[in-house]
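Quick look at query-v6.tsv (TSV, C-alpha atoms):
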chain	number	residue	atom	x	y	z
A	114	MET	CA	9.25	-31.06	-2.75
A	115	VAL	CA	6.62	-33.76	-3.03
A	116	SER	CA	3.10	-32.55	-3.59
A	117	GLU	CA	1.90	-33.42	-0.08
A	118	THR	CA	4.04	-30.84	1.71
A	119	ILE	CA	2.76	-27.30	1.41
A	120	THR	CA	5.67	-25.61	3.14
A	121	PRO	CA	9.43	-26.24	3.06
A	122	ASP	CA	9.29	-26.27	6.87
A	123	GLN	CA	8.25	-29.90	6.59
A	124	VAL	CA	11.32	-30.87	4.56
A	125	ILE	CA	13.81	-31.90	7.21
A	126	LEU	CA	17.43	-32.11	6.17
A	127	TRP	CA	19.12	-32.97	9.45
A	128	GLN	CA	17.81	-33.86	12.89
A	129	ARG	CA	19.44	-34.68	16.20
A	130	GLY	CA	17.32	-34.65	19.33
A	131	PHE	CA	15.33	-31.46	19.46
A	132	LEU	CA	17.61	-29.72	16.97
A	133	VAL	CA	15.86	-29.74	13.61
A	134	LEU	CA	17.40	-28.23	10.50
A	135	ASN	CA	14.64	-27.85	7.93
A	136	SER	CA	15.15	-26.59	4.44
A	137	THR	CA	13.66	-23.15	5.20
A	138	ILE	CA	16.42	-22.36	7.70
A	139	CYS	CA	19.08	-23.85	5.47
A	140	TYR	CA	18.11	-21.92	2.34
A	141	THR	CA	17.44	-18.68	4.24
A	142	TRP	CA	21.02	-18.74	5.46
A	143	GLY	CA	22.12	-19.71	1.99
A	144	VAL	CA	20.42	-16.68	0.46
A	145	MET	CA	21.77	-14.39	3.18
A	146	ALA	CA	25.30	-15.71	2.64
A	147	LEU	CA	24.94	-15.29	-1.11
A	148	LEU	CA	23.77	-11.68	-0.77
A	149	THR	CA	26.44	-10.77	1.78
A	150	LEU	CA	29.30	-12.45	-0.04
A	151	GLY	CA	28.16	-11.07	-3.38
A	152	SER	CA	27.92	-7.51	-2.12
A	153	TRP	CA	31.26	-7.79	-0.36
A	154	LEU	CA	32.99	-9.16	-3.44
A	155	ILE	CA	31.46	-6.52	-5.72
A	156	THR	CA	31.98	-3.50	-3.48
A	157	ARG	CA	35.55	-4.49	-2.64
A	158	ARG	CA	36.94	-2.69	-5.66
A	159	LEU	CA	34.65	0.19	-6.53
A	160	SER	CA	35.73	2.47	-9.33
A	161	PHE	CA	34.72	6.10	-9.71
A	162	ASP	CA	35.77	6.70	-13.29
A	163	ALA	CA	33.76	5.91	-16.40
A	164	LYS	CA	35.01	2.34	-16.70
A	165	LEU	CA	32.91	0.11	-14.45
A	166	SER	CA	33.10	-3.56	-13.82
A	167	ARG	CA	29.90	-5.25	-14.96
A	168	TRP	CA	28.99	-6.37	-11.44
A	169	GLN	CA	29.30	-2.86	-10.08
A	170	ASN	CA	27.09	-1.73	-12.93
A	171	LEU	CA	24.44	-4.32	-11.96
A	172	LEU	CA	24.54	-3.31	-8.31
A	173	GLU	CA	24.28	0.39	-9.19
A	174	ILE	CA	21.25	-0.28	-11.39
A	175	ILE	CA	19.49	-2.08	-8.53
A	176	VAL	CA	20.34	0.57	-5.94
A	177	VAL	CA	19.33	3.46	-8.21
A	178	PHE	CA	16.06	1.69	-9.07
A	179	VAL	CA	15.19	1.21	-5.39
A	180	GLN	CA	16.13	4.84	-4.66
A	181	GLU	CA	13.92	6.12	-7.47
A	182	GLN	CA	10.94	4.09	-6.31
A	183	ILE	CA	11.35	5.25	-2.70
A	184	ARG	CA	11.66	8.87	-3.80
A	185	GLU	CA	8.54	8.68	-5.94
A	186	ILE	CA	6.43	7.07	-3.23
A	187	SER	CA	7.47	9.06	-0.20
A	188	ASP	CA	8.54	12.42	-1.71
A	189	GLN	CA	11.53	12.30	0.62
A	190	GLU	CA	15.22	11.63	0.39
A	191	PRO	CA	15.59	7.84	0.06
A	192	ALA	CA	18.76	7.54	2.13
A	193	ARG	CA	16.90	6.80	5.38
A	194	TYR	CA	14.73	4.07	3.93
A	195	LEU	CA	17.15	2.55	1.43
A	196	PRO	CA	18.83	0.02	3.78
A	197	TYR	CA	15.59	-1.45	5.06
A	198	ILE	CA	13.48	-1.41	1.89
A	199	GLY	CA	16.41	-2.47	-0.27
A	200	THR	CA	17.18	-5.40	2.00
A	201	LEU	CA	13.57	-6.56	1.94
A	202	PHE	CA	13.42	-6.32	-1.85
A	203	LEU	CA	16.77	-8.02	-2.45
A	204	PHE	CA	16.13	-10.87	-0.01
A	205	VAL	CA	12.66	-11.68	-1.33
A	206	ALA	CA	13.67	-11.26	-4.97
A	207	VAL	CA	16.80	-13.40	-4.72
A	208	SER	CA	15.07	-16.15	-2.77
A	209	ASN	CA	12.22	-16.19	-5.31
A	210	VAL	CA	14.42	-16.14	-8.40
A	211	LEU	CA	16.73	-18.91	-7.21
A	212	GLU	CA	13.76	-21.26	-7.52
A	213	VAL	CA	14.95	-22.20	-11.01
A	214	LEU	CA	17.75	-24.18	-9.37
A	215	PRO	CA	16.77	-27.84	-8.96
A	216	GLY	CA	16.52	-28.99	-5.36
A	217	TYR	CA	16.06	-25.47	-4.03
A	218	HIS	CA	12.99	-24.54	-2.01
A	219	ALA	CA	12.29	-20.82	-1.79
A	220	PRO	CA	12.27	-19.79	1.89
A	221	THR	CA	9.52	-17.32	1.00
A	222	ALA	CA	7.25	-20.30	0.24
A	223	SER	CA	7.14	-20.89	4.00
A	224	LEU	CA	4.78	-18.93	6.19
A	225	SER	CA	7.36	-18.60	8.97
A	226	THR	CA	9.83	-16.63	6.83
A	227	ASN	CA	7.07	-14.36	5.55
A	228	SER	CA	5.69	-13.81	9.05
A	229	ALA	CA	9.15	-12.80	10.21
A	230	LEU	CA	9.47	-10.30	7.35
A	231	ALA	CA	5.97	-8.92	7.92
A	232	ILE	CA	6.55	-8.56	11.67
A	233	SER	CA	9.73	-6.64	10.93
A	234	VAL	CA	7.59	-4.27	8.82
A	235	LEU	CA	5.08	-4.02	11.69
A	236	PHE	CA	7.88	-2.77	13.96
A	237	ALA	CA	9.63	-0.67	11.34
A	238	VAL	CA	6.57	1.53	10.77
A	239	PRO	CA	6.43	3.02	14.31
A	240	ILE	CA	10.23	3.11	14.59
A	241	TYR	CA	10.56	5.24	11.46
A	242	GLY	CA	7.54	7.32	12.48
A	243	ILE	CA	8.83	8.00	15.99
A	244	THR	CA	12.36	8.89	14.90
A	245	GLU	CA	10.89	11.27	12.38
A	246	GLN	CA	8.23	13.04	14.45
A	247	GLY	CA	8.89	12.23	18.07
A	248	PHE	CA	6.95	9.83	20.25
A	249	PHE	CA	3.86	11.83	21.20
A	250	SER	CA	3.12	13.33	17.85
A	251	TYR	CA	3.41	9.88	16.29
A	252	VAL	CA	1.13	8.23	18.84
A	253	ARG	CA	-1.39	11.02	18.39
A	254	HIS	CA	-2.25	9.83	14.89
A	255	TYR	CA	-3.75	6.69	16.43
A	256	VAL	CA	-6.52	8.78	17.99
A	257	GLN	CA	-7.23	10.88	14.90
A	258	PRO	CA	-9.96	11.95	14.24
A	259	SER	CA	-11.34	10.68	17.57
A	260	VAL	CA	-10.55	8.12	20.26
A	261	ILE	CA	-13.18	5.76	18.84
A	262	MET	CA	-10.82	5.05	15.95
A	263	LEU	CA	-8.05	3.68	18.21
A	264	PRO	CA	-9.02	-0.03	18.03
A	265	PHE	CA	-9.58	0.25	14.29
A	266	HIS	CA	-6.11	1.71	13.74
A	267	ILE	CA	-4.55	-1.12	15.75
A	268	LEU	CA	-6.67	-3.76	14.01
A	269	GLY	CA	-5.71	-2.29	10.67
A	270	GLU	CA	-1.99	-2.54	11.45
A	271	LEU	CA	-2.32	-6.15	12.58
A	272	SER	CA	-4.47	-7.26	9.68
A	273	ARG	CA	-2.26	-5.66	7.06
A	274	THR	CA	0.71	-7.46	8.63
A	275	LEU	CA	-1.19	-10.73	8.26
A	276	ALA	CA	-2.11	-9.83	4.69
A	277	LEU	CA	1.51	-9.02	3.85
A	278	ALA	CA	2.69	-12.42	5.09
A	279	VAL	CA	-0.13	-14.52	3.62
A	280	ARG	CA	0.03	-12.77	0.22
A	281	LEU	CA	3.69	-13.62	-0.33
A	282	PHE	CA	3.18	-17.12	1.10
A	283	GLY	CA	0.17	-17.85	-1.10
A	284	ASN	CA	1.82	-16.62	-4.27
A	285	MET	CA	5.09	-18.47	-3.78
A	286	MET	CA	3.45	-21.62	-2.46
A	287	SER	CA	1.03	-21.71	-5.38
A	288	GLY	CA	3.93	-21.45	-7.82
A	289	ALA	CA	5.78	-24.37	-6.25
A	290	LYS	CA	2.54	-26.34	-5.90
A	291	ILE	CA	1.38	-25.90	-9.48
A	292	ALA	CA	4.82	-26.85	-10.77
A	293	ALA	CA	4.74	-30.02	-8.65
A	294	ILE	CA	1.22	-30.95	-9.75
A	295	LEU	CA	1.97	-30.31	-13.44
A	296	LEU	CA	5.13	-32.40	-13.12
A	297	ALA	CA	2.86	-35.31	-12.21
A	298	VAL	CA	0.25	-34.59	-14.89
A	299	ALA	CA	2.16	-33.30	-17.94
A	300	PRO	CA	5.90	-33.55	-17.33
A	301	LEU	CA	7.16	-32.56	-20.79
A	302	PHE	CA	6.95	-28.79	-21.46
A	303	LEU	CA	4.33	-27.28	-19.19
A	304	PRO	CA	6.42	-27.20	-15.99
A	305	ILE	CA	9.00	-25.04	-17.79
A	306	LEU	CA	6.32	-22.52	-18.76
A	307	MET	CA	4.93	-22.50	-15.25
A	308	ASN	CA	8.45	-22.00	-13.87
A	309	ALA	CA	8.92	-19.01	-16.17
A	310	LEU	CA	5.61	-17.61	-14.95
A	311	GLY	CA	6.76	-18.34	-11.39
A	312	LEU	CA	9.90	-16.24	-11.96
A	313	LEU	CA	7.78	-13.31	-13.14
A	314	ILE	CA	5.38	-13.66	-10.22
A	315	GLY	CA	8.30	-13.95	-7.81
A	316	LEU	CA	9.84	-10.68	-8.98
A	317	ILE	CA	6.47	-8.88	-8.94
A	318	GLN	CA	5.77	-10.12	-5.43
A	319	ALA	CA	9.19	-8.99	-4.23
A	320	TYR	CA	8.49	-5.57	-5.75
A	321	ILE	CA	5.04	-5.42	-4.17
A	322	PHE	CA	6.32	-6.50	-0.77
A	323	ALA	CA	8.93	-3.75	-0.72
A	324	ILE	CA	6.53	-1.16	-2.16
A	325	LEU	CA	3.84	-1.96	0.41
A	326	ALA	CA	6.35	-1.74	3.26
A	327	MET	CA	7.41	1.66	1.92
A	328	VAL	CA	3.80	2.80	1.52
A	329	TYR	CA	3.02	1.83	5.13
A	330	ILE	CA	6.09	3.65	6.44
A	331	ALA	CA	5.45	6.71	4.29
A	332	SER	CA	1.75	6.91	5.16
A	333	ALA	CA	2.48	6.82	8.89
A	334	GLY	CA	4.85	9.74	8.35
A	335	ASN	CA	2.66	11.65	5.91
A	336	ALA	CA	-0.55	11.57	7.96
A	337	HIS	CA	1.09	14.00	10.29
A	338	ARG	CA	3.01	16.17	7.87
A	339	SER	CA	0.21	16.97	5.43
A	340	LYS	CA	-1.85	18.39	8.27
A	341	ASN	CA	0.84	20.78	9.47
A	342	GLU	CA	2.34	22.11	6.30
A	343	ASP	CA	0.27	23.48	3.51
A	344	HIS	CA	2.89	23.17	0.82
A	345	HIS	CA	0.87	20.74	-1.29
A	346	GLY	CA	-1.13	23.55	-2.82
A	347	GLU	CA	2.01	25.45	-3.75
A	348	GLU	CA	3.57	22.34	-5.23
A	349	PHE	CA	0.48	21.74	-7.31
A	350	GLU	CA	0.56	25.29	-8.63
A	351	LYS	CA	4.22	24.93	-9.47
A	352	ARG	CA	3.54	21.75	-11.40
A	353	GLU	CA	0.65	23.37	-13.21
A	354	LYS	CA	2.87	26.24	-14.28
A	355	ARG	CA	5.57	23.93	-15.49
A	356	HIS	CA	3.17	21.88	-17.60
A	357	GLY	CA	0.98	24.65	-18.83
B	76	MET	CA	-20.26	-43.64	5.67
B	77	ASP	CA	-17.71	-43.58	8.44
B	78	SER	CA	-16.46	-40.26	9.74
B	79	LEU	CA	-13.16	-40.42	7.82
B	80	THR	CA	-15.00	-40.61	4.50
B	81	ILE	CA	-17.34	-37.79	5.49
B	82	LEU	CA	-14.36	-35.66	6.48
B	83	GLY	CA	-12.59	-36.32	3.20
B	84	VAL	CA	-15.66	-35.61	1.08
B	85	VAL	CA	-16.53	-32.44	2.97
B	86	SER	CA	-12.93	-31.18	2.83
B	87	ILE	CA	-12.57	-31.69	-0.90
B	88	ILE	CA	-15.96	-30.19	-1.77
B	89	THR	CA	-15.38	-27.25	0.53
B	90	ALA	CA	-11.93	-26.63	-0.93
B	91	GLY	CA	-13.33	-26.57	-4.45
B	92	ALA	CA	-16.26	-24.37	-3.52
B	93	CYS	CA	-13.99	-22.00	-1.58
B	94	MET	CA	-11.76	-21.52	-4.61
B	95	ALA	CA	-14.64	-21.29	-7.09
B	96	ILE	CA	-16.81	-18.83	-5.18
B	97	GLY	CA	-13.93	-16.92	-3.68
B	98	SER	CA	-12.27	-16.10	-6.98
B	99	ILE	CA	-15.36	-14.49	-8.56
B	100	ALA	CA	-15.23	-11.17	-6.74
B	101	PRO	CA	-11.44	-10.64	-6.99
B	102	ALA	CA	-11.58	-11.45	-10.72
B	103	LEU	CA	-14.29	-8.84	-11.29
B	104	GLY	CA	-12.45	-6.33	-9.11
B	105	GLU	CA	-9.11	-6.85	-10.85
B	106	ALA	CA	-10.72	-6.58	-14.27
B	107	ARG	CA	-12.34	-3.31	-13.28
B	108	ALA	CA	-9.11	-1.94	-11.83
B	109	VAL	CA	-7.09	-2.86	-14.91
B	110	SER	CA	-9.64	-1.43	-17.35
B	111	THR	CA	-9.87	1.83	-15.44
B	112	ALA	CA	-6.08	2.07	-15.27
B	113	LEU	CA	-5.79	1.41	-19.01
B	114	SER	CA	-8.24	4.13	-19.90
B	115	SER	CA	-6.45	6.50	-17.51
B	116	ILE	CA	-3.13	5.75	-19.19
B	117	ALA	CA	-4.76	6.33	-22.58
B	118	GLN	CA	-5.96	9.72	-21.40
B	119	GLN	CA	-2.77	10.74	-19.61
B	120	PRO	CA	0.25	8.87	-20.99
B	121	ASP	CA	2.59	11.15	-19.00
B	122	GLU	CA	1.39	9.65	-15.73
B	123	ALA	CA	1.81	6.04	-16.88
B	124	GLY	CA	4.54	5.35	-14.31
B	125	THR	CA	2.52	6.49	-11.33
B	126	ILE	CA	-0.66	4.84	-12.55
B	127	SER	CA	0.94	1.48	-13.20
B	128	ARG	CA	2.73	1.47	-9.85
B	129	THR	CA	-0.49	2.27	-8.03
B	130	LEU	CA	-2.21	-0.36	-10.18
B	131	PHE	CA	0.30	-3.02	-9.10
B	132	VAL	CA	-0.15	-2.19	-5.43
B	133	GLY	CA	-3.93	-2.17	-5.78
B	134	LEU	CA	-3.95	-5.43	-7.70
B	135	ALA	CA	-1.88	-7.02	-4.94
B	136	MET	CA	-4.43	-5.82	-2.39
B	137	ILE	CA	-7.37	-7.20	-4.39
B	138	GLU	CA	-5.57	-10.39	-5.20
B	139	SER	CA	-4.91	-11.16	-1.57
B	140	VAL	CA	-8.60	-12.06	-1.13
B	141	ALA	CA	-8.24	-14.78	-3.73
B	142	ILE	CA	-4.94	-15.81	-2.17
B	143	TYR	CA	-6.66	-16.28	1.20
B	144	CYS	CA	-9.17	-18.62	-0.47
B	145	PHE	CA	-6.32	-20.50	-2.14
B	146	VAL	CA	-4.45	-20.92	1.14
B	147	VAL	CA	-7.60	-22.15	2.89
B	148	SER	CA	-8.29	-24.74	0.20
B	149	MET	CA	-4.67	-25.89	0.20
B	150	ILE	CA	-4.84	-26.33	3.97
B	151	LEU	CA	-8.10	-28.26	3.63
B	152	ILE	CA	-6.64	-30.62	1.05
B	153	PHE	CA	-3.00	-31.07	2.03
B	154	ALA	CA	-2.75	-30.11	5.70
B	155	ASN	CA	-6.21	-30.72	7.15
B	156	PRO	CA	-5.92	-30.13	10.90
B	157	PHE	CA	-8.79	-32.51	11.68
B	158	TRP	CA	-7.46	-35.42	9.65
B	159	ASN	CA	-5.04	-36.85	12.23
B	160	TYR	CA	-7.59	-36.26	14.98
B	161	VAL	CA	-10.28	-38.29	13.21
B	162	VAL	CA	-7.79	-41.00	12.28
B	163	SER	CA	-6.70	-41.34	15.90
B	164	LYS	CA	-10.33	-41.37	17.13
B	165	THR	CA	-11.52	-44.04	14.74
B	166	GLY	CA	-8.32	-46.01	15.16
B	167	GLY	CA	-7.92	-46.39	11.40

Would you mind writing the file's structure down as structure tokens?
Amino acid sequence: MVSETITPDQVILWQRGFLVLNSTICYTWGVMALLTLGSWLITRRLSFDAKLSRWQNLLEIIVVFVQEQIREISDQEPARYLPYIGTLFLFVAVSNVLEVLPGYHAPTASLSTNSALAISVLFAVPIYGITEQGFFSYVRHYVQPSVIMLPFHILGELSRTLALAVRLFGNMMSGAKIAAILLAVAPLFLPILMNALGLLIGLIQAYIFAILAMVYIASAGNAHRSKNEDHHGEEFEKREKRHG
Amino acid sequence: MDSLTILGVVSIITAGACMAIGSIAPALGEARAVSTALSSIAQQPDEAGTISRTLFVGLAMIESVAIYCFVVSMILIFANPFWNYVVSKTGG
């Protein structure tokens, strides 16, 4: 990517008439194919005894890690959220990490990919909330504590969607940008260091994206539950007893 | 100066000022968040997992302000929406 283009949308690989294949679309499908094929190949021969193949071990580590994080954030069984949150995390993480390959442009460095992911979070929050609590009791939390708060709730949902998309875009784009600028200024060692830093930032951003999606989903569910059930006090007492 | 020069000068200066001024407050905020989290971990090492996860999420929230500034300055420098308009107006 030359330093004048700030998104991989502008890198056009193939064009005929109004059909444009830019590198965002191409690499998004590449990452999706890699994830799907990889999971299919690994889960084809699962073993239940103590001897695991190393790829199954890797996949189990990732799945257990995502499950643990979901359980700690939401205090619920992770099985409902695992497919969605895990997919978000794996897609963002893989497309960020593959940036070490020469010629690859991370699809997350384009605002269109990130907007799509963030809009899917925007829709996932009410879908999870409604299936959990029913339509009316979910919608009621928009007018808590009074009707005056309704526009602020809606504004908050929209602005955090924007923030989710722009945060990932800014972080990934800045990584690619700084690497490109340093390549022009000091091409010997510094780009390697910045690429290593970019890998770290890419993984952290993938983690944060998934965690924030989970926090939004869990908070929409919790706002209702904590009002109805008063089991938090009991839980606190139990924990106190266990520690003290 | 013709309008193209003015546009270029204003864009570059604004991009620099946006980044410089806009990163002050997030830097202070992040420093404060990290120092508070460190002293909390020092007091309660058992809760280090929860504290650091919350710290990461909070840092991401604070950092997004600086990221907005960065995106705005990048747009001003590399993808200025008024550039092509002024070029077509002045015929340069």

*What residues in chain A have any atom no more than 12 Å from chain B when counting all atoms listed in the file, and can you write them as a ChimeraX atom specification?*
/A:115-120,123,181-183,185-186,222-224,272-273,275-288,290-291,314,317-329,356

*Find, counting all atoms listed in the file, the residue in B:Asp121, B:Ser86, B:Ile137, B:Leu113 that gets nearest to Ala100 of chain B.*
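Residue with the minimum atom-to-atom distance to Ala100 of chain B: B:Ile137.
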
*Could you pull the residues within 9 Å of Glu212 of chain A, counting all atoms listed in the file, minus those fewer than 4 positions along the same chain, as a VMD selection string?*
chain A and resid 207 to 208 216 to 219 289 308 311 to 312

*Point-to-point distance in Å for atom CA of Gly334 of chain A and atom CA of Gln246 of chain A*: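 Between these atoms lies a distance of 7.7 Å.
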
*At what distance in Å, to one decimal, does atom CA of Ala292 of chain A lie from atom CA of Pro304 of chain A?*
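Separating atom CA of Pro304 of chain A from atom CA of Ala292 of chain A is a distance of 5.5 Å.
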
*Point-to-point distance in Å for atom CA of Phe178 of chain A and atom CA of Lys164 of chain A*: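 Separating atom CA of Lys164 of chain A from atom CA of Phe178 of chain A is a distance of 20.4 Å.
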
*asked:* For a quick check of understanding, using only C-alpha atoms, which of A:Tyr255, A:Phe204, A:Phe131, A:Tyr140 has the smallest distance to Leu230 of chain A?
replied: A:Phe204

*Find the spatial neighbours of His266 of chain A, counting all atoms listed in the file, within a cut-off of 12 Å - ignore same-chain residues fewer than 4 positions away - and output them as an NGL selection string.*
:A and (252-262 or 270-273 or 333)

_Tell me which residues come within 7 Å of (-12.1, -24.6, 0.8), as an MDAnalysis selection string, counting only C-alpha atoms in the file's coordinates._
chainID B and resid 86 89:94 144 147:148 151

*Which residue out of B:Ile96, B:Val84, B:Pro101, B:Leu130 has the minimum interatomic distance to Ser115 of chain B when all atoms listed in the file are used?*
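The closest residue to Ser115 of chain B is B:Leu130.
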
_Selection: 12 Å around Asp77 of chain B, all atoms listed in the file, excl. self and same-chain fewer than 2 positions, as a list in words_ =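 These residues fall inside the cut-off: Leu79, Thr80, Ile81, Leu82, Gly83, Val84, Val161, Val162, Lys164, Thr165, Gly166 and Gly167 of chain B.
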
Would it be fine to have segment 125-143 of chain B, with N, CA and C atoms, given as an mmCIF file, in the first residue's frame?
data_model
loop_
_atom_site.group_PDB
_atom_site.id
_atom_site.type_symbol
_atom_site.label_atom_id
_atom_site.label_comp_id
_atom_site.auth_asym_id
_atom_site.auth_seq_id
_atom_site.Cartn_x
_atom_site.Cartn_y
_atom_site.Cartn_z
ATOM 1 N N THR B 125 -9.454 -9.356 36.908
ATOM 2 C CA THR B 125 -10.597 -8.480 36.673
ATOM 3 C C THR B 125 -10.145 -7.049 36.434
ATOM 4 N N ILE B 126 -9.187 -6.591 37.264
ATOM 5 C CA ILE B 126 -8.759 -5.195 37.137
ATOM 6 C C ILE B 126 -8.117 -4.959 35.790
ATOM 7 N N SER B 127 -7.252 -5.894 35.348
ATOM 8 C CA SER B 127 -6.566 -5.610 34.093
ATOM 9 C C SER B 127 -7.520 -5.712 32.909
ATOM 10 N N ARG B 128 -8.526 -6.602 32.999
ATOM 11 C CA ARG B 128 -9.476 -6.651 31.887
ATOM 12 C C ARG B 128 -10.282 -5.363 31.814
ATOM 13 N N THR B 129 -10.756 -4.898 32.973
ATOM 14 C CA THR B 129 -11.487 -3.635 32.985
ATOM 15 C C THR B 129 -10.596 -2.492 32.527
ATOM 16 N N LEU B 130 -9.302 -2.572 32.916
ATOM 17 C CA LEU B 130 -8.358 -1.529 32.504
ATOM 18 C C LEU B 130 -8.237 -1.490 30.990
ATOM 19 N N PHE B 131 -8.134 -2.687 30.354
ATOM 20 C CA PHE B 131 -8.004 -2.711 28.901
ATOM 21 C C PHE B 131 -9.220 -2.083 28.240
ATOM 22 N N VAL B 132 -10.396 -2.467 28.708
ATOM 23 C CA VAL B 132 -11.616 -1.918 28.107
ATOM 24 C C VAL B 132 -11.667 -0.404 28.292
ATOM 25 N N GLY B 133 -11.324 0.054 29.521
ATOM 26 C CA GLY B 133 -11.357 1.486 29.771
ATOM 27 C C GLY B 133 -10.331 2.235 28.952
ATOM 28 N N LEU B 134 -9.135 1.645 28.827
ATOM 29 C CA LEU B 134 -8.110 2.289 28.009
ATOM 30 C C LEU B 134 -8.579 2.421 26.567
ATOM 31 N N ALA B 135 -9.248 1.371 26.063
ATOM 32 C CA ALA B 135 -9.740 1.441 24.690
ATOM 33 C C ALA B 135 -10.741 2.573 24.542
ATOM 34 N N MET B 136 -11.589 2.744 25.566
ATOM 35 C CA MET B 136 -12.574 3.835 25.520
ATOM 36 C C MET B 136 -11.870 5.195 25.491
ATOM 37 N N ILE B 137 -10.872 5.365 26.386
ATOM 38 C CA ILE B 137 -10.189 6.657 26.453
ATOM 39 C C ILE B 137 -9.421 6.913 25.169
ATOM 40 N N GLU B 138 -8.783 5.821 24.706
ATOM 41 C CA GLU B 138 -7.926 5.966 23.545
ATOM 42 C C GLU B 138 -8.710 6.361 22.305
ATOM 43 N N SER B 139 -9.993 6.013 22.277
ATOM 44 C CA SER B 139 -10.736 6.287 21.046
ATOM 45 C C SER B 139 -10.825 7.781 20.778
ATOM 46 N N VAL B 140 -10.730 8.626 21.816
ATOM 47 C CA VAL B 140 -10.719 10.070 21.579
ATOM 48 C C VAL B 140 -9.503 10.465 20.750
ATOM 49 N N ALA B 141 -8.339 9.936 21.167
ATOM 50 C CA ALA B 141 -7.123 10.222 20.408
ATOM 51 C C ALA B 141 -7.207 9.636 19.006
ATOM 52 N N ILE B 142 -7.859 8.460 18.899
ATOM 53 C CA ILE B 142 -7.973 7.831 17.582
ATOM 54 C C ILE B 142 -8.831 8.686 16.650
ATOM 55 N N TYR B 143 -9.911 9.287 17.215
ATOM 56 C CA TYR B 143 -10.718 10.193 16.383
ATOM 57 C C TYR B 143 -9.847 11.307 15.830
#
